[in-house]
Amino acid sequence: MNPEELLTSSYDYELPAHLIAKTPVQPRDHAKLLVYNRQTDTITHTTFKHLLEYLPKACDVFLNDTKVIKARVFGSKASGGKVELLFNKPLNATEYLVMIRGKVKIGTELFFDDNLVATVVTLNNDGSRVVTFTHHGQEIRFEELVISLDEIGHIPLPPYMQREDNKEDEKDYQTLFAKNAGAVAAPTASLHFTPELFEALEQRHQTHKITLHVGAGTFKPVEVENILEHPMHSEYFYISESSADVLKSEKPILAIGTTVTRTVEYFARTEKVDGECDLFLNPHNKPQRVTHLLTNFHLPKSTLIMLVSAFVGREKTLELYHEAIAKEYRFFSYGDAMLII
């Protein structure tokens, strides 16, 4: 194994700023698609509209049906100081992991619209905070919190977009089949589907939906020198019995996105159908079950570019990324896609 594959710095690349997609292409299936065939070691440039022409005929397709919640809320402290809170995930029935922009201490109360109040109960060493929420003075559970956030919150666009969310993002940053509320980032490989293309996919392939609530940790850069020392974030997942049966079979599988990939691979190693997934795929921990991958182009030095490298190797991944840059592909959440077959 090449020792360079363990160095975070080996997963870096230069991306011209104008290639960071701040809005999606319309119609969505007009996004570019880079197809890499591992058997023939060939690259094809096409558009997402032609995806089905490149998918192996006999493969089942797995998608993530998580729904992005309006996780960003703006409020104030009792002193009048402004605060911004980014909801991350529930920890138990009443406590929630969040990020807070603004100085707080244990016991600080944060006041938001809709009579929503957060009280800080723990300050974590990594900068995250644990809070409880009350609504009209009553402690609330996650299901009720989501309803309140939907009223007052904002879609949590990734920081690199460097813009505020708008009305279009409520639709654009959500998959066609989003169902189970809980994500703070979209499973972006699925964003390219139009209703017509998705219908065609379902007619030609068996599709299965699993749930992984994408957390804020997905954007966390790898800050250690050796990638294996990175503390991987965990995210809640659920796999139905019928999906689990397919995963136990020998059927070839296309994972739509990195979140599906991690969930499927976590199941392949543990046989767990729900819980917290903290699997870190990289060239030292390769996929065992996913046979084909559809994904976007990811941030330098991120766990996601390392996941792609688990499929095709670090050098080939960087080669594909440089090819995409040369061909002016758009990168990150609202950007173009890559299919690895």
# chains A, B, ... in the order shown; residues from 1 in each chain; ligands from 1
call {"tool": "select_by_dssp", "arguments": {"residues": "region 135-284 of chain A", "states": "alpha helix (DSSP H)", "output": "JSON list (two decimals) with N, CA and C atoms, in the first residue's frame"}}
result
[["chain", "number", "residue", "atom", "x", "y", "z"],
["A", 142, "PHE", "N", -38.46, 15.73, 19.05],
["A", 142, "PHE", "CA", -37.94, 16.04, 17.72],
["A", 142, "PHE", "C", -39.05, 16.30, 16.69],
["A", 143, "GLU", "N", -40.11, 15.48, 16.71],
["A", 143, "GLU", "CA", -41.19, 15.61, 15.72],
["A", 143, "GLU", "C", -41.81, 17.01, 15.77],
["A", 144, "GLU", "N", -41.97, 17.53, 17.01],
["A", 144, "GLU", "CA", -42.57, 18.87, 17.18],
["A", 144, "GLU", "C", -41.56, 19.96, 16.84],
["A", 145, "LEU", "N", -40.29, 19.70, 17.15],
["A", 145, "LEU", "CA", -39.24, 20.67, 16.84],
["A", 145, "LEU", "C", -39.15, 20.90, 15.33],
["A", 146, "VAL", "N", -39.24, 19.82, 14.55],
["A", 146, "VAL", "CA", -39.16, 19.93, 13.09],
["A", 146, "VAL", "C", -40.26, 20.85, 12.56],
["A", 147, "ILE", "N", -41.46, 20.74, 13.13],
["A", 147, "ILE", "CA", -42.60, 21.58, 12.69],
["A", 147, "ILE", "C", -42.29, 23.05, 12.97],
["A", 148, "SER", "N", -41.72, 23.34, 14.14],
["A", 148, "SER", "CA", -41.38, 24.72, 14.49],
["A", 148, "SER", "C", -40.25, 25.25, 13.60],
["A", 149, "LEU", "N", -39.23, 24.42, 13.38],
["A", 149, "LEU", "CA", -38.11, 24.84, 12.50],
["A", 149, "LEU", "C", -38.60, 25.11, 11.08],
["A", 150, "ASP", "N", -39.58, 24.34, 10.65],
["A", 150, "ASP", "CA", -40.13, 24.53, 9.31],
["A", 150, "ASP", "C", -40.78, 25.90, 9.18],
["A", 151, "GLU", "N", -41.30, 26.41, 10.28],
["A", 151, "GLU", "CA", -41.94, 27.73, 10.29],
["A", 151, "GLU", "C", -40.91, 28.86, 10.27],
["A", 152, "ILE", "N", -39.84, 28.70, 11.05],
["A", 152, "ILE", "CA", -38.94, 29.85, 11.31],
["A", 152, "ILE", "C", -37.53, 29.67, 10.77],
["A", 167, "LYS", "N", -35.96, 31.03, -1.59],
["A", 167, "LYS", "CA", -37.17, 30.20, -1.74],
["A", 167, "LYS", "C", -36.90, 29.00, -2.66],
["A", 168, "GLU", "N", -36.11, 29.21, -3.72],
["A", 168, "GLU", "CA", -35.82, 28.12, -4.66],
["A", 168, "GLU", "C", -35.11, 26.95, -3.98],
["A", 169, "ASP", "N", -34.25, 27.28, -3.00],
["A", 169, "ASP", "CA", -33.48, 26.22, -2.34],
["A", 169, "ASP", "C", -34.37, 25.23, -1.60],
["A", 170, "GLU", "N", -35.54, 25.67, -1.18],
["A", 170, "GLU", "CA", -36.44, 24.76, -0.46],
["A", 170, "GLU", "C", -36.81, 23.57, -1.33],
["A", 171, "LYS", "N", -36.85, 23.80, -2.64],
["A", 171, "LYS", "CA", -37.14, 22.70, -3.57],
["A", 171, "LYS", "C", -35.84, 22.11, -4.14],
["A", 172, "ASP", "N", -34.90, 23.01, -4.50],
["A", 172, "ASP", "CA", -33.67, 22.56, -5.16],
["A", 172, "ASP", "C", -32.79, 21.68, -4.27],
["A", 195, "PRO", "N", -38.50, 14.28, -12.49],
["A", 195, "PRO", "CA", -39.54, 13.25, -12.31],
["A", 195, "PRO", "C", -39.55, 12.23, -13.45],
["A", 196, "GLU", "N", -39.33, 12.69, -14.68],
["A", 196, "GLU", "CA", -39.36, 11.79, -15.85],
["A", 196, "GLU", "C", -38.20, 10.78, -15.79],
["A", 197, "LEU", "N", -37.01, 11.28, -15.49],
["A", 197, "LEU", "CA", -35.85, 10.39, -15.45],
["A", 197, "LEU", "C", -35.96, 9.40, -14.29],
["A", 198, "PHE", "N", -36.48, 9.88, -13.16],
["A", 198, "PHE", "CA", -36.62, 8.99, -12.01],
["A", 198, "PHE", "C", -37.64, 7.88, -12.30],
["A", 199, "GLU", "N", -38.70, 8.25, -13.00],
["A", 199, "GLU", "CA", -39.71, 7.26, -13.37],
["A", 199, "GLU", "C", -39.11, 6.21, -14.31],
["A", 200, "ALA", "N", -38.30, 6.67, -15.24],
["A", 200, "ALA", "CA", -37.63, 5.75, -16.17],
["A", 200, "ALA", "C", -36.67, 4.81, -15.42],
["A", 201, "LEU", "N", -35.97, 5.36, -14.42],
["A", 201, "LEU", "CA", -35.07, 4.54, -13.58],
["A", 201, "LEU", "C", -35.87, 3.44, -12.88],
["A", 202, "GLU", "N", -37.02, 3.82, -12.30],
["A", 202, "GLU", "CA", -37.82, 2.85, -11.54],
["A", 202, "GLU", "C", -38.42, 1.78, -12.44],
["A", 203, "GLN", "N", -38.64, 2.12, -13.71],
["A", 203, "GLN", "CA", -39.18, 1.13, -14.64],
["A", 203, "GLN", "C", -38.13, 0.11, -15.06],
["A", 204, "ARG", "N", -36.88, 0.56, -15.09],
["A", 204, "ARG", "CA", -35.81, -0.32, -15.60],
["A", 204, "ARG", "C", -35.05, -1.06, -14.51],
["A", 241, "GLU", "N", -36.45, -4.25, 6.11],
["A", 241, "GLU", "CA", -36.17, -5.68, 6.00],
["A", 241, "GLU", "C", -36.00, -6.10, 4.53],
["A", 242, "SER", "N", -36.86, -5.55, 3.65],
["A", 242, "SER", "CA", -36.77, -5.93, 2.22],
["A", 242, "SER", "C", -35.46, -5.44, 1.61],
["A", 243, "SER", "N", -35.02, -4.24, 2.01],
["A", 243, "SER", "CA", -33.72, -3.73, 1.51],
["A", 243, "SER", "C", -32.57, -4.58, 2.05],
["A", 244, "ALA", "N", -32.68, -4.96, 3.31],
["A", 244, "ALA", "CA", -31.62, -5.79, 3.93],
["A", 244, "ALA", "C", -31.50, -7.13, 3.20],
["A", 245, "ASP", "N", -32.64, -7.69, 2.78],
["A", 245, "ASP", "CA", -32.61, -8.97, 2.05],
["A", 245, "ASP", "C", -31.83, -8.84, 0.75],
["A", 246, "VAL", "N", -32.03, -7.73, 0.05],
["A", 246, "VAL", "CA", -31.29, -7.51, -1.20],
["A", 246, "VAL", "C", -29.79, -7.38, -0.91],
["A", 247, "LEU", "N", -29.47, -6.67, 0.18],
["A", 247, "LEU", "CA", -28.06, -6.47, 0.52],
["A", 247, "LEU", "C", -27.38, -7.80, 0.90],
["A", 248, "LYS", "N", -28.17, -8.73, 1.39],
["A", 248, "LYS", "CA", -27.60, -10.05, 1.75],
["A", 248, "LYS", "C", -27.44, -10.93, 0.51],
["A", 258, "THR", "N", -22.74, 9.07, -1.65],
["A", 258, "THR", "CA", -21.82, 8.59, -0.61],
["A", 258, "THR", "C", -22.57, 8.17, 0.65],
["A", 259, "THR", "N", -23.72, 8.81, 0.93],
["A", 259, "THR", "CA", -24.45, 8.46, 2.16],
["A", 259, "THR", "C", -25.03, 7.05, 2.05],
["A", 260, "VAL", "N", -25.55, 6.71, 0.88],
["A", 260, "VAL", "CA", -26.04, 5.35, 0.64],
["A", 260, "VAL", "C", -24.89, 4.36, 0.73],
["A", 261, "THR", "N", -23.77, 4.73, 0.14],
["A", 261, "THR", "CA", -22.59, 3.85, 0.13],
["A", 261, "THR", "C", -22.17, 3.50, 1.55],
["A", 262, "ARG", "N", -22.05, 4.52, 2.39],
["A", 262, "ARG", "CA", -21.61, 4.29, 3.77],
["A", 262, "ARG", "C", -22.61, 3.43, 4.53],
["A", 263, "THR", "N", -23.90, 3.67, 4.30],
["A", 263, "THR", "CA", -24.93, 2.89, 5.01],
["A", 263, "THR", "C", -24.90, 1.43, 4.58],
["A", 264, "VAL", "N", -24.84, 1.20, 3.28],
["A", 264, "VAL", "CA", -24.80, -0.17, 2.76],
["A", 264, "VAL", "C", -23.54, -0.89, 3.26],
["A", 265, "GLU", "N", -22.42, -0.22, 3.22],
["A", 265, "GLU", "CA", -21.16, -0.84, 3.64],
["A", 265, "GLU", "C", -21.12, -1.08, 5.16],
["A", 266, "TYR", "N", -21.78, -0.21, 5.91],
["A", 266, "TYR", "CA", -21.87, -0.41, 7.36],
["A", 266, "TYR", "C", -22.69, -1.67, 7.64],
["A", 267, "PHE", "N", -23.79, -1.84, 6.90],
["A", 267, "PHE", "CA", -24.62, -3.04, 7.04],
["A", 267, "PHE", "C", -23.81, -4.29, 6.65],
["A", 268, "ALA", "N", -23.04, -4.18, 5.57],
["A", 268, "ALA", "CA", -22.26, -5.34, 5.10],
["A", 268, "ALA", "C", -21.28, -5.82, 6.17],
["A", 269, "ARG", "N", -20.83, -4.89, 7.02],
["A", 269, "ARG", "CA", -19.86, -5.24, 8.06],
["A", 269, "ARG", "C", -20.51, -5.63, 9.39],
["A", 270, "THR", "N", -21.71, -5.12, 9.65],
["A", 270, "THR", "CA", -22.31, -5.29, 10.98],
["A", 270, "THR", "C", -23.65, -6.03, 10.98]]
call {"tool": "residues_around", "arguments": {"residues": "Val68 (chain A)", "least_positions_apart": "6", "cutoff": "12 Å", "atoms": "only C-alpha atoms", "output": "VMD selection string"}}
result
chain A and resid 87 to 89 146 149 to 150 153 to 157 169 to 188 211 to 216
call {"tool": "closest_residue", "arguments": {"among": "A:Gly102, A:Glu95, A:Val73, A:His230", "to": "Leu116 (chain A)", "atoms": "only C-alpha atoms"}}
result
A:Val73
call {"tool": "atom_distance", "arguments": {"atom1": "CA of Asp113 (chain A)", "atom2": "CA of Ser333 (chain A)"}}
result
29.1 Å
call {"tool": "atom_distance", "arguments": {"atom1": "CA of Lys286 (chain A)", "atom2": "CA of Tyr13 (chain A)"}}
result
21.9 Å
call {"tool": "residues_around", "arguments": {"residues": "Pro287 (chain A)", "least_positions_apart": "5", "cutoff": "8 Å", "atoms": "only C-alpha atoms", "output": "MDAnalysis selection string"}}
result
chainID A and resid 265 281 310:311
call {"tool": "write_last_selection", "arguments": {"atoms": "C-alpha atoms", "output": "mmCIF file, in the first residue's frame"}}
result
data_model
loop_
_atom_site.group_PDB
_atom_site.id
_atom_site.type_symbol
_atom_site.label_atom_id
_atom_site.label_comp_id
_atom_site.auth_asym_id
_atom_site.auth_seq_id
_atom_site.Cartn_x
_atom_site.Cartn_y
_atom_site.Cartn_z
ATOM 1 C CA GLU A 265 -21.159 -0.838 3.643
ATOM 2 C CA LEU A 281 -14.314 4.344 3.624
ATOM 3 C CA ALA A 310 -11.707 3.562 -1.949
ATOM 4 C CA PHE A 311 -13.378 2.585 -5.231
#
call {"tool": "atom_distance", "arguments": {"atom1": "CA of Phe332 (chain A)", "atom2": "CA of Leu320 (chain A)"}}
result
14.6 Å
call {"tool": "residues_around", "arguments": {"residues": "region 271-277 of chain A", "least_positions_apart": "2", "cutoff": "6 Å", "atoms": "only C-alpha atoms", "output": "number ranges by chain"}}
result
A: 234-239, 267-268, 279
call {"tool": "residues_around", "arguments": {"residues": "region 75-80 of chain A", "least_positions_apart": "4", "cutoff": "10 Å", "atoms": "only C-alpha atoms", "output": "PyMOL selection string"}}
result
chain A and resi 84-85+102-104+108-113+116-118
call {"tool": "closest_residue", "arguments": {"among": "A:Arg28, A:Ala189, A:Ser9, A:Tyr96", "to": "Ala337 (chain A)", "atoms": "only C-alpha atoms"}}
result
A:Ala189
call {"tool": "residues_around", "arguments": {"residues": "His192 (chain A)", "least_positions_apart": "6", "cutoff": "10 Å", "atoms": "only C-alpha atoms", "output": "mmCIF file with N, CA, C and O atoms, in the first residue's frame"}}
result
data_model
loop_
_atom_site.group_PDB
_atom_site.id
_atom_site.type_symbol
_atom_site.label_atom_id
_atom_site.label_comp_id
_atom_site.auth_asym_id
_atom_site.auth_seq_id
_atom_site.Cartn_x
_atom_site.Cartn_y
_atom_site.Cartn_z
ATOM 1 N N PRO A 24 -28.181 25.126 -8.877
ATOM 2 C CA PRO A 24 -28.188 23.962 -9.763
ATOM 3 C C PRO A 24 -28.446 24.346 -11.216
ATOM 4 O O PRO A 24 -29.003 25.405 -11.494
ATOM 5 N N VAL A 25 -28.036 23.471 -12.105
ATOM 6 C CA VAL A 25 -28.390 23.596 -13.525
ATOM 7 C C VAL A 25 -29.890 23.312 -13.657
ATOM 8 O O VAL A 25 -30.429 22.476 -12.944
ATOM 9 N N GLN A 26 -30.561 24.022 -14.529
ATOM 10 C CA GLN A 26 -31.978 23.740 -14.812
ATOM 11 C C GLN A 26 -32.139 23.425 -16.298
ATOM 12 O O GLN A 26 -31.570 24.139 -17.099
ATOM 13 N N PRO A 27 -32.907 22.401 -16.703
ATOM 14 C CA PRO A 27 -33.439 21.331 -15.866
ATOM 15 C C PRO A 27 -32.317 20.534 -15.203
ATOM 16 O O PRO A 27 -31.189 20.488 -15.716
ATOM 17 N N ARG A 28 -32.653 19.878 -14.093
ATOM 18 C CA ARG A 28 -31.632 19.250 -13.270
ATOM 19 C C ARG A 28 -30.840 18.164 -14.001
ATOM 20 O O ARG A 28 -29.661 17.958 -13.717
ATOM 21 N N ASP A 29 -31.499 17.465 -14.946
ATOM 22 C CA ASP A 29 -30.788 16.368 -15.619
ATOM 23 C C ASP A 29 -29.884 16.853 -16.751
ATOM 24 O O ASP A 29 -29.288 16.049 -17.467
ATOM 25 N N HIS A 30 -29.762 18.197 -16.891
ATOM 26 C CA HIS A 30 -28.811 18.739 -17.863
ATOM 27 C C HIS A 30 -27.404 18.903 -17.271
ATOM 28 O O HIS A 30 -26.494 19.380 -17.953
ATOM 29 N N ALA A 31 -27.249 18.515 -16.021
ATOM 30 C CA ALA A 31 -25.916 18.533 -15.401
ATOM 31 C C ALA A 31 -24.988 17.602 -16.182
ATOM 32 O O ALA A 31 -25.437 16.620 -16.789
ATOM 33 N N LYS A 32 -23.699 17.909 -16.150
ATOM 34 C CA LYS A 32 -22.732 17.027 -16.815
ATOM 35 C C LYS A 32 -22.577 15.738 -16.019
ATOM 36 O O LYS A 32 -22.779 15.719 -14.801
ATOM 37 N N PHE A 48 -26.393 14.047 -17.427
ATOM 38 C CA PHE A 48 -27.120 13.185 -16.499
ATOM 39 C C PHE A 48 -28.370 12.580 -17.136
ATOM 40 O O PHE A 48 -28.785 11.485 -16.787
ATOM 41 N N LYS A 49 -28.912 13.292 -18.082
ATOM 42 C CA LYS A 49 -30.106 12.828 -18.798
ATOM 43 C C LYS A 49 -29.888 11.442 -19.401
ATOM 44 O O LYS A 49 -30.829 10.660 -19.568
ATOM 45 N N ASP A 172 -34.904 23.010 -4.498
ATOM 46 C CA ASP A 172 -33.673 22.563 -5.163
ATOM 47 C C ASP A 172 -32.791 21.685 -4.274
ATOM 48 O O ASP A 172 -32.101 20.795 -4.765
ATOM 49 N N THR A 175 -34.423 16.122 -2.384
ATOM 50 C CA THR A 175 -34.621 15.118 -3.432
ATOM 51 C C THR A 175 -36.117 14.967 -3.736
ATOM 52 O O THR A 175 -36.965 15.338 -2.922
ATOM 53 N N LEU A 176 -36.412 14.394 -4.903
ATOM 54 C CA LEU A 176 -37.808 14.173 -5.311
ATOM 55 C C LEU A 176 -38.538 13.259 -4.337
ATOM 56 O O LEU A 176 -39.745 13.341 -4.181
ATOM 57 N N PHE A 198 -36.483 9.879 -13.162
ATOM 58 C CA PHE A 198 -36.619 8.990 -12.010
ATOM 59 C C PHE A 198 -37.639 7.881 -12.298
ATOM 60 O O PHE A 198 -37.437 6.720 -11.928
ATOM 61 N N ASN A 296 -21.310 13.121 -6.627
ATOM 62 C CA ASN A 296 -20.873 14.432 -7.122
ATOM 63 C C ASN A 296 -19.361 14.562 -6.952
ATOM 64 O O ASN A 296 -18.685 13.614 -6.547
ATOM 65 N N TYR A 334 -24.348 21.443 -5.551
ATOM 66 C CA TYR A 334 -25.209 21.782 -6.690
ATOM 67 C C TYR A 334 -24.499 21.531 -8.019
ATOM 68 O O TYR A 334 -24.940 21.976 -9.073
ATOM 69 N N GLY A 335 -23.401 20.795 -7.962
ATOM 70 C CA GLY A 335 -22.575 20.612 -9.142
ATOM 71 C C GLY A 335 -22.922 19.379 -9.974
ATOM 72 O O GLY A 335 -24.000 18.798 -9.844
ATOM 73 N N ASP A 336 -21.996 18.986 -10.822
ATOM 74 C CA ASP A 336 -22.189 17.884 -11.752
ATOM 75 C C ASP A 336 -21.879 16.543 -11.081
ATOM 76 O O ASP A 336 -21.501 16.497 -9.909
ATOM 77 N N ALA A 337 -22.030 15.459 -11.853
ATOM 78 C CA ALA A 337 -21.962 14.121 -11.258
ATOM 79 C C ALA A 337 -20.932 13.232 -11.940
ATOM 80 O O ALA A 337 -20.480 13.506 -13.049
#
call {"tool": "closest_residue", "arguments": {"among": "A:Tyr36, A:Tyr11, A:Phe133, A:Phe280", "to": "His292 (chain A)", "atoms": "only C-alpha atoms"}}
result
A:Tyr36
call {"tool": "decode", "arguments": {"residues": "region 149-183 of chain A", "atoms": "N, CA and C atoms", "output": "CSV table (one decimal), in the first residue's frame"}}
result
chain,number,residue,atom,x,y,z
A,149,LEU,N,-39.2,24.4,13.4
A,149,LEU,CA,-38.1,24.8,12.5
A,149,LEU,C,-38.6,25.1,11.1
A,150,ASP,N,-39.6,24.3,10.6
A,150,ASP,CA,-40.1,24.5,9.3
A,150,ASP,C,-40.8,25.9,9.2
A,151,GLU,N,-41.3,26.4,10.3
A,151,GLU,CA,-41.9,27.7,10.3
A,151,GLU,C,-40.9,28.9,10.3
A,152,ILE,N,-39.8,28.7,11.1
A,152,ILE,CA,-38.9,29.8,11.3
A,152,ILE,C,-37.5,29.7,10.8
A,153,GLY,N,-37.2,28.4,10.4
A,153,GLY,CA,-35.8,28.1,10.0
A,153,GLY,C,-35.4,28.4,8.6
A,154,HIS,N,-34.2,28.2,8.3
A,154,HIS,CA,-33.6,28.3,6.9
A,154,HIS,C,-33.0,27.0,6.5
A,155,ILE,N,-33.0,26.8,5.2
A,155,ILE,CA,-32.3,25.6,4.6
A,155,ILE,C,-30.8,25.8,4.8
A,156,PRO,N,-30.1,24.8,5.4
A,156,PRO,CA,-28.7,25.0,5.8
A,156,PRO,C,-27.8,24.7,4.6
A,157,LEU,N,-27.7,25.7,3.7
A,157,LEU,CA,-26.8,25.6,2.6
A,157,LEU,C,-25.3,25.4,3.0
A,158,PRO,N,-24.5,24.6,2.3
A,158,PRO,CA,-23.1,24.4,2.7
A,158,PRO,C,-22.4,25.8,2.7
A,159,PRO,N,-21.5,25.9,3.6
A,159,PRO,CA,-20.8,27.2,3.8
A,159,PRO,C,-20.1,27.7,2.5
A,160,TYR,N,-19.6,26.8,1.7
A,160,TYR,CA,-18.8,27.2,0.5
A,160,TYR,C,-19.6,27.9,-0.6
A,161,MET,N,-21.0,27.8,-0.4
A,161,MET,CA,-21.8,28.5,-1.4
A,161,MET,C,-21.8,30.0,-1.2
A,162,GLN,N,-21.4,30.4,0.0
A,162,GLN,CA,-21.2,31.8,0.3
A,162,GLN,C,-22.4,32.7,-0.1
A,163,ARG,N,-23.6,32.2,0.2
A,163,ARG,CA,-24.8,33.0,0.0
A,163,ARG,C,-25.9,32.5,1.0
A,164,GLU,N,-26.9,33.4,1.1
A,164,GLU,CA,-28.0,33.0,2.0
A,164,GLU,C,-28.9,32.1,1.2
A,165,ASP,N,-29.7,31.3,1.9
A,165,ASP,CA,-30.7,30.5,1.2
A,165,ASP,C,-31.8,31.3,0.6
A,166,ASN,N,-32.5,30.8,-0.4
A,166,ASN,CA,-33.7,31.6,-0.9
A,166,ASN,C,-34.8,30.6,-1.1
A,167,LYS,N,-36.0,31.0,-1.6
A,167,LYS,CA,-37.2,30.2,-1.7
A,167,LYS,C,-36.9,29.0,-2.7
A,168,GLU,N,-36.1,29.2,-3.7
A,168,GLU,CA,-35.8,28.1,-4.7
A,168,GLU,C,-35.1,26.9,-4.0
A,169,ASP,N,-34.2,27.3,-3.0
A,169,ASP,CA,-33.5,26.2,-2.3
A,169,ASP,C,-34.4,25.2,-1.6
A,170,GLU,N,-35.5,25.7,-1.2
A,170,GLU,CA,-36.4,24.8,-0.5
A,170,GLU,C,-36.8,23.6,-1.3
A,171,LYS,N,-36.9,23.8,-2.6
A,171,LYS,CA,-37.1,22.7,-3.6
A,171,LYS,C,-35.8,22.1,-4.1
A,172,ASP,N,-34.9,23.0,-4.5
A,172,ASP,CA,-33.7,22.6,-5.2
A,172,ASP,C,-32.8,21.7,-4.3
A,173,TYR,N,-32.8,22.0,-3.0
A,173,TYR,CA,-31.9,21.3,-2.0
A,173,TYR,C,-32.6,20.1,-1.4
A,174,GLN,N,-33.6,19.5,-2.1
A,174,GLN,CA,-34.4,18.4,-1.5
A,174,GLN,C,-34.6,17.4,-2.7
A,175,THR,N,-34.4,16.1,-2.4
A,175,THR,CA,-34.6,15.1,-3.4
A,175,THR,C,-36.1,15.0,-3.7
A,176,LEU,N,-36.4,14.4,-4.9
A,176,LEU,CA,-37.8,14.2,-5.3
A,176,LEU,C,-38.5,13.3,-4.3
A,177,PHE,N,-37.8,12.4,-3.7
A,177,PHE,CA,-38.4,11.3,-2.8
A,177,PHE,C,-38.1,11.5,-1.4
A,178,ALA,N,-37.7,12.8,-1.0
A,178,ALA,CA,-37.4,13.1,0.4
A,178,ALA,C,-38.6,12.8,1.3
A,179,LYS,N,-38.4,12.0,2.4
A,179,LYS,CA,-39.6,11.6,3.1
A,179,LYS,C,-39.4,11.7,4.6
A,180,ASN,N,-38.2,11.2,5.1
A,180,ASN,CA,-38.0,11.2,6.6
A,180,ASN,C,-37.1,12.3,7.0
A,181,ALA,N,-37.8,13.3,7.8
A,181,ALA,CA,-37.1,14.5,8.2
A,181,ALA,C,-36.0,14.2,9.2
A,182,GLY,N,-34.8,14.9,8.9
A,182,GLY,CA,-33.7,14.7,9.9
A,182,GLY,C,-32.3,15.1,9.4
A,183,ALA,N,-32.2,15.4,8.1
A,183,ALA,CA,-30.9,15.7,7.5
A,183,ALA,C,-30.6,17.2,7.6
